[in-house]
Each structure stands twice: as structure tokens, then as C-alpha cells.
Number of protein chains: 2
Amino acid sequence: MPDQHIASAFDRDLEAVQAQIMKMGGMVEDAIRLAAKSLETRDEELAQKVRGADRAIDALELQINESAARVIALRAPTAIDLRLILSVIKISGNLERIGDYAKNMAKRTGVLATLPTVNDSAGAIRRMAQAVEGMLKDALDAYIRRDAELAMDVIARDEDVDQIYNALFREFLTFMMEDPRNITACMHLHFIAKNTERMGDHVTSIAEQVVYLVTGEHPDESRPKADQTSIVAEE
Amino acid sequence: MPDQHIASAFDRDLEAVQAQIMKMGGMVEDAIRLAAKSLETRDEELAQKVRGADRAIDALELQINESAARVIALRAPTAIDLRLILSVIKISGNLERIGDYAKNMAKRTGVLATLPTVNDSAGAIRRMAQAVEGMLKDALDAYIRRDAELAMDVIARDEDVDQIYNALFREFLTFMMEDPRNITACMHLHFIAKNTERMGDHVTSIAEQVVYLVTGEHPDESRPKADQTSIVAEE
């Protein structure tokens with residue numbers, strides 16, 4: 001039964017690459033959590049650790065892409081198997097971007113520690129990051145279990161993240177207008193909030209891949225759009 | 001000579017997918033240029049066109065991914081051929097993100113038109129966008145011609161874009177502190193400037209793919225890092 005032999009060899013290879021994806025996912029979850037924590041507690045040492053860990057995340061992406069290419073070259077998968085192995089490349093690309101955003105958050109911890117705190121903004125950002133981390137965990141679970149329903153749930157939850165961001169954007173405008181000494185800190189905090197919102201977009205993109213893998217269809221693109229701050233003119 | 005037949009069939013397929021990439025690239029170049037122009041001239045009708053065109057760019061990415069998957073399934077390429085066809089997926093992903101940033105820029109034209117102009121910021125952003133558009137054109141040329149030297153040149157030019165962004169960030173801080181009535185406009189303009197800087201990062205990522213395709217090695221990652229605003233604390 002050569003066909004069956006080939007099929008299960010592919011399955012083993014796919015599982016090995018998926019294990020790499022889960023490892024990368026775990027590293028990225030840590031990066032999100034620790035970056036947000038270092039921001040809130042003004043812990044520059046922890047932030048330094050997050051920045052250092054990003055190199056390992058980047059290296060793992062390259063490794064995953066090479067593994068995927070090797071599986072394709074070796075097993076010549078078609079149809080759903082090919083779709084599965086190509087999704088690995090997309091997902092590792094999304095994870096790498098999320099890791100980058102976490103690193104960028106950790107980069108600003110040092111300068112923010114020298115500036116006045118702006119209300120509970122760092123706490124709000126940490127809660128936003130927590131929501132994104134939870135979404136990422138579920139998106140990867142949905143991927144491993146081929147669970148389109150859980151993936152759709154992740155996609156829906158991205159709207160909550162968008163709402164937290166939109167509220168923060170308005171708050172930052174208000175704080176800056178109230179007191180110009182808040183301006184520099186608010187610019188950095190807005191930057192971080194926006195990056196966290198973007199992490200959510202990349203998690204959503206992973207969840208959309210899962211829906212496509214399971215159902216063969218791209219999820220409805222007509223969902224309400226993310227960032228509403230483009231229409232904020234006045235407070 | 002079945003082998004040779006297979007080889008040239010692959011080449012034809014690859015050329016067809018690359019033609020799609022070049023088409024997508026042209027659409028994204030237009031999006032960058034027109035988004036920046038609509039911002040500078042406060043032309044809401046033009047901005048509307050840019051926003052509308054993004055759907056076609058997104059659709060083309062899906063088409064390209066499907067074409068690439070079909071070529072892999074049909075021709076079972078290995079080694080350099082496989083690397084070539086997988087690069088198509090990476091590059092179309094980068095183009096899609098750049099298109100998204102252009103759309104986001106065009107989204108803010110309307111609200112900015114209702115706010116006071118902030119010096120020549122819109123002009124500075126347009127020049128920055130022009131630099132990115134030129135980089136993208138050259139990155140795609142380098143891709144088609146497998147020209148690693150041109151690709152390295154594109155990577156180097158990203159530093160100029162980063163510098164324009166860093167200077168703008170400092171300017172925005174100053175304008176906001178000078179006059180709180182500038183705050184809302186500056187927040188939107190900073191958002192746009194940062195997105196333009198990110199477009200440059202994605203073009204750089206395309207150029208890095210080209211270097212990898214031609215030389216088999218990933219370009220040196222130790223190049224000076226992009227955004228220096230994370231250390232701006234005071235003006």
C-alpha cells in the first residue's frame with residue numbers, strides 16, 4: 001500500500017511542523033504578556049528579556065518555512081494536504097509580526113518610565129494585551145483541533161480589542177489637551193495601543209486561515225471594521 | 001525528454017504567477033501614490049477611489065496564492081523552483097499589507113480635511129510615500145531580474161524613510177506642545193507617517209526575499225534599526 005505509506009509519512013511531517021508552530025505560538029504569547037507587564041510595572045529588566053527573545057522567534061519562523069518547503073519537496077502534497085502545509089507559512093508569518101509588535105512595546109518601556117504616568121493607561125493596555133493573548137491561545141487551539149467555530153469566536157472577539165483601542169485613542173486626545181506635559185507619554189502610549197490592536201488583527205488573520213482550512217471558504221469580509229479613530233475629529 | 005518538458009512547463013507557470021505579482025505591485029504603487037496625493041490635496045473623491053481599489057488588491061492576493069498552490073500541486077517543484085514559487089506567497093502577502101496601509105491613509109483624508117493644516121506635514125508625508133513607491137518599484141524589478149544588488153540598494157534606502165519618519169515624529173511633538181489645537185490633526189498625521197514607515201519595512205521584506213532567492217542567504221540582520229522614536233523622551 002504505497003499510497004497509504006506516503007499519506008502517513010506526510011501526516012507525521014505535518015505534525016512535526018505543527019509542533020514548531022505551537023512552540024512559536026507559546027513564545028509569542030509569553031512575549032505579549034511579559035511586554036505588557038514590563039510596561040505596567042516599569043520593569044526595564046523584563047522588557048530587555050522580551051526584546052532579546054524576539055531573535056529566537058524570528059529564527060523559528062525561518063526554520064518553520066524551511067521545514068514546510070522540505071515537506072512539500074519530499075511529499076508533493078496536493079489538495080487539502082497542500083493547503084495545510086501552506087497555511088503553516090502564513091501562520092508563522094503572522095506570529096512573527098505579533099512578536100515584532102511585542103518587541104516594539106518592550107522598546108518603549110524605558111522611555112515611558114522616565115515620563116509621568118497617564119492615568120491607568122498602562123493598565124488598560126495590559127488588559128488589551130491580555131485579551132489578545134487569550135485570542136491567540138484560542139486561535140492556535142482552533143488550528144490544531146481544526147475547530148472553525150472556535151476560530152469564528154476569536155474573529156468576533158477582535159471587535160472588543162478594537163473597542164478598547166478606540167476608547168483609549170479618545171482618552172489620549174483628552175489627556176494631551178488637558179495638559180501638554182502628557183503629550184510625549186501619550187504619543188508613546190498611543191503607539192503601543194495601536195500596535196496591540198494590530199496584534200489582534202494578526203490573530204484574526206490566523207483564525208481566518210483556520211476557517212478557510214476547515215470550510216474551504218474565506219470568512220465573511222463584511223464584518224464591521226476595526227479602527228474607528230479615522231473619523232475622530234473633535235473631542 | 002520528459003524532464004525538460006516538465007521544467008519548461010514549470011517556467012511557464014512561474015512566469016504567469018509572476019505576471020500576477022507585477023500586476024498586484026502596480027496596483028499597490030498606484031494606491032501609495034494616490035493616497036498620499038489625496039492627503040496633500042485634501043481630495044476626498046480620490047481617497048474614496050483608493051479605498052475602493054483595495055478590494056481588488058485583496059482579491060488578487062487570494063488568486064496568487066491559489067495559483068501558487070496549483071503550480072506546486074501540478075509540478076511538484078523542488079529546490080530553487082520550490083523556493084521561487086513559495087516566495088510568490090510571501091511577496092503577495094507583503095503587497096497586501098502595503099495596500100492596507102495605503103487604504104488606511106486614504107481613510108483619514110476626510111477627517112484631516114476638517115482640521116487645520118499642520119505646517120507642510122502632508123507634503124512631507126507625500127515625499128516619504130514617494131520614496132517608498134520608488135523602493136517598491138525597484139524591489140519588484142529586482143525580483144523579476146533576480147538582481148540581488150538592486151535589492152540590497154532598496155534595503156539601504158529604507159533608512160532614509162526611517163529618518164524622515166523620525167524627524168516628523170519630533171516635529172509633531174513640537175507642534176502639539178506649541179498649540180493644543182494641533183493635537184488631533186497631529187495624532188492622525190503621526191498615524192499616517194508611521195504607516196508609511198511600515199510600508200517601507202514591507203518593501204524591505206520583499207527585497208530581502210530577493211536577496212535570499214538569488215544568494216540562498218538571508219541578508220544581514222544587523223542593519224541599524226528603523227524607528228528611533230522609542231527613545232524620544234523630551235523635546
# chains A, B, ... in the order shown; residues from 1 in each chain; ligands from 1
$ closest_atom_pairs --of "chain B" --to "chain A" --cutoff "9 Å" --atoms "only C-alpha atoms" --output "CSV"
residue,atom,partner,partner_atom,distance
B:Ala69,CA,A:Leu82,CA,7.2
B:Arg70,CA,A:Thr78,CA,8.4
B:Ile72,CA,A:Ala76,CA,7.7
B:Ala73,CA,A:Thr78,CA,5.0
B:Leu74,CA,A:Thr78,CA,8.1
B:Arg75,CA,A:Ala76,CA,8.8
B:Ala76,CA,A:Ala76,CA,5.4
B:Pro77,CA,A:Ala73,CA,6.6
B:Thr78,CA,A:Ala73,CA,4.9
B:Ala79,CA,A:Ala73,CA,7.3
B:Leu82,CA,A:Ala69,CA,7.2
B:Arg83,CA,A:Ala69,CA,7.5
B:Leu86,CA,A:Ala69,CA,8.0
B:Ile89,CA,A:Lys90,CA,8.5
B:Lys90,CA,A:Lys90,CA,8.2
B:Gly93,CA,A:Lys90,CA,8.6
B:Asn104,CA,A:Ser230,CA,8.2
B:Lys107,CA,A:Ser230,CA,6.3
B:Arg108,CA,A:Ser230,CA,5.2
B:Thr109,CA,A:Ser230,CA,8.7
B:Gly110,CA,A:Ile231,CA,7.9
B:Val111,CA,A:Ile231,CA,5.8
B:Leu112,CA,A:Ala233,CA,7.7
B:Thr114,CA,A:Ala233,CA,7.5
B:Leu115,CA,A:Ala233,CA,7.3
B:Leu173,CA,A:Thr184,CA,6.7
B:Met176,CA,A:Ile183,CA,7.4
B:Met177,CA,A:Pro180,CA,5.7
B:Glu178,CA,A:Pro180,CA,8.7
B:Asp179,CA,A:Pro180,CA,8.9
B:Pro180,CA,A:Met177,CA,5.7
B:Arg181,CA,A:Met177,CA,8.0
B:Ile183,CA,A:Leu173,CA,7.1
B:Thr184,CA,A:Ala233,CA,6.7
B:Ala185,CA,A:Ala233,CA,8.0
B:Met187,CA,A:Met187,CA,7.9
B:His188,CA,A:Ser230,CA,7.5
B:His190,CA,A:Met187,CA,8.9
B:Phe191,CA,A:Phe191,CA,8.4
B:Thr229,CA,A:His188,CA,8.7
B:Ser230,CA,A:Arg108,CA,5.2
B:Ile231,CA,A:Val111,CA,5.8
B:Val232,CA,A:Val111,CA,7.2
B:Ala233,CA,A:Val111,CA,5.9
B:Glu234,CA,A:Thr184,CA,7.2
B:Glu235,CA,A:Thr184,CA,8.8
$ residues_around --residues "B:Asp120" --least-positions-apart "6" --cutoff "12 Å" --atoms "only C-alpha atoms" --output "list in words"
Leu39, Glu40, Thr41, Arg126, Arg127, Leu168, Glu171, Phe172, Phe175, Cys186 and Leu189 of chain B
$ write_last_selection --atoms "C-alpha atoms" --output "PDB file, in the first residue's frame"
ATOM      1  CA  LEU B  39      -3.978  63.612   1.623  1.00  0.00           C
ATOM      2  CA  GLU B  40      -1.940  66.556   0.389  1.00  0.00           C
ATOM      3  CA  THR B  41      -4.631  67.997  -1.894  1.00  0.00           C
ATOM      4  CA  ARG B 126       3.803  62.672   0.379  1.00  0.00           C
ATOM      5  CA  ARG B 127       7.578  62.809  -0.180  1.00  0.00           C
ATOM      6  CA  LEU B 168       8.373  64.015  11.577  1.00  0.00           C
ATOM      7  CA  GLU B 171       8.004  67.786  14.660  1.00  0.00           C
ATOM      8  CA  PHE B 172       4.577  66.519  15.660  1.00  0.00           C
ATOM      9  CA  PHE B 175       3.545  71.302  17.093  1.00  0.00           C
ATOM     10  CA  CYS B 186      -1.034  65.604  14.635  1.00  0.00           C
ATOM     11  CA  LEU B 189      -0.732  62.628  10.786  1.00  0.00           C
TER      12      LEU B 189
END
$ closest_residue --among "A:Ala129, A:Leu60, A:Ile192, A:Ala139" --to "A:Val161" --atoms "only C-alpha atoms"
A:Ala129
$ residues_around --residues "stretch 45-52 of chain A" --least-positions-apart "5" --cutoff "6 Å" --atoms "only C-alpha atoms" --output "ChimeraX atom specification"
/A:31,35,38,103,106
$ write_last_selection --atoms "all heavy atoms" --output "PDB file, in the first residue's frame"
ATOM      1  N   ALA A  31       5.738  36.635  24.987  1.00  0.00           N
ATOM      2  CA  ALA A  31       6.233  37.971  24.627  1.00  0.00           C
ATOM      3  C   ALA A  31       5.159  39.031  24.848  1.00  0.00           C
ATOM      4  O   ALA A  31       5.424  40.106  25.397  1.00  0.00           O
ATOM      5  CB  ALA A  31       6.715  37.983  23.176  1.00  0.00           C
ATOM      6  N   ALA A  35       5.719  41.723  27.798  1.00  0.00           N
ATOM      7  CA  ALA A  35       5.904  43.099  27.319  1.00  0.00           C
ATOM      8  C   ALA A  35       4.905  44.015  28.020  1.00  0.00           C
ATOM      9  O   ALA A  35       5.247  45.108  28.490  1.00  0.00           O
ATOM     10  CB  ALA A  35       5.740  43.171  25.801  1.00  0.00           C
ATOM     11  N   SER A  38       5.856  44.407  31.707  1.00  0.00           N
ATOM     12  CA  SER A  38       7.019  45.285  31.924  1.00  0.00           C
ATOM     13  C   SER A  38       6.613  46.745  31.757  1.00  0.00           C
ATOM     14  O   SER A  38       7.140  47.628  32.430  1.00  0.00           O
ATOM     15  CB  SER A  38       8.152  44.922  30.964  1.00  0.00           C
ATOM     16  OG  SER A  38       7.843  45.314  29.647  1.00  0.00           O
ATOM     17  N   LYS A 103       7.940  43.165  20.828  1.00  0.00           N
ATOM     18  CA  LYS A 103       9.287  43.713  20.999  1.00  0.00           C
ATOM     19  C   LYS A 103       9.243  45.237  20.977  1.00  0.00           C
ATOM     20  O   LYS A 103       9.879  45.905  21.799  1.00  0.00           O
ATOM     21  CB  LYS A 103      10.195  43.202  19.877  1.00  0.00           C
ATOM     22  CG  LYS A 103      11.632  43.688  20.001  1.00  0.00           C
ATOM     23  CD  LYS A 103      12.478  43.275  18.802  1.00  0.00           C
ATOM     24  CE  LYS A 103      12.075  44.034  17.550  1.00  0.00           C
ATOM     25  NZ  LYS A 103      12.859  43.659  16.366  1.00  0.00           N
ATOM     26  N   ALA A 106       8.056  46.552  24.210  1.00  0.00           N
ATOM     27  CA  ALA A 106       9.107  46.449  25.224  1.00  0.00           C
ATOM     28  C   ALA A 106      10.186  47.516  25.027  1.00  0.00           C
ATOM     29  O   ALA A 106      10.843  47.923  25.980  1.00  0.00           O
ATOM     30  CB  ALA A 106       9.724  45.053  25.194  1.00  0.00           C
TER      31      ALA A 106
END
$ residues_around --residues "A:Val203" --least-positions-apart "5" --cutoff "9 Å" --atoms "only C-alpha atoms" --output "number ranges by chain"
A: 94-95, 98, 132-133, 135-136, 139, 154-155, 158, 198, 208
$ residues_around --residues "B:Ala151" --least-positions-apart "6" --cutoff "7 Å" --atoms "only C-alpha atoms" --output "NGL selection string"
:B and (139 or 142 or 207 or 210-211)
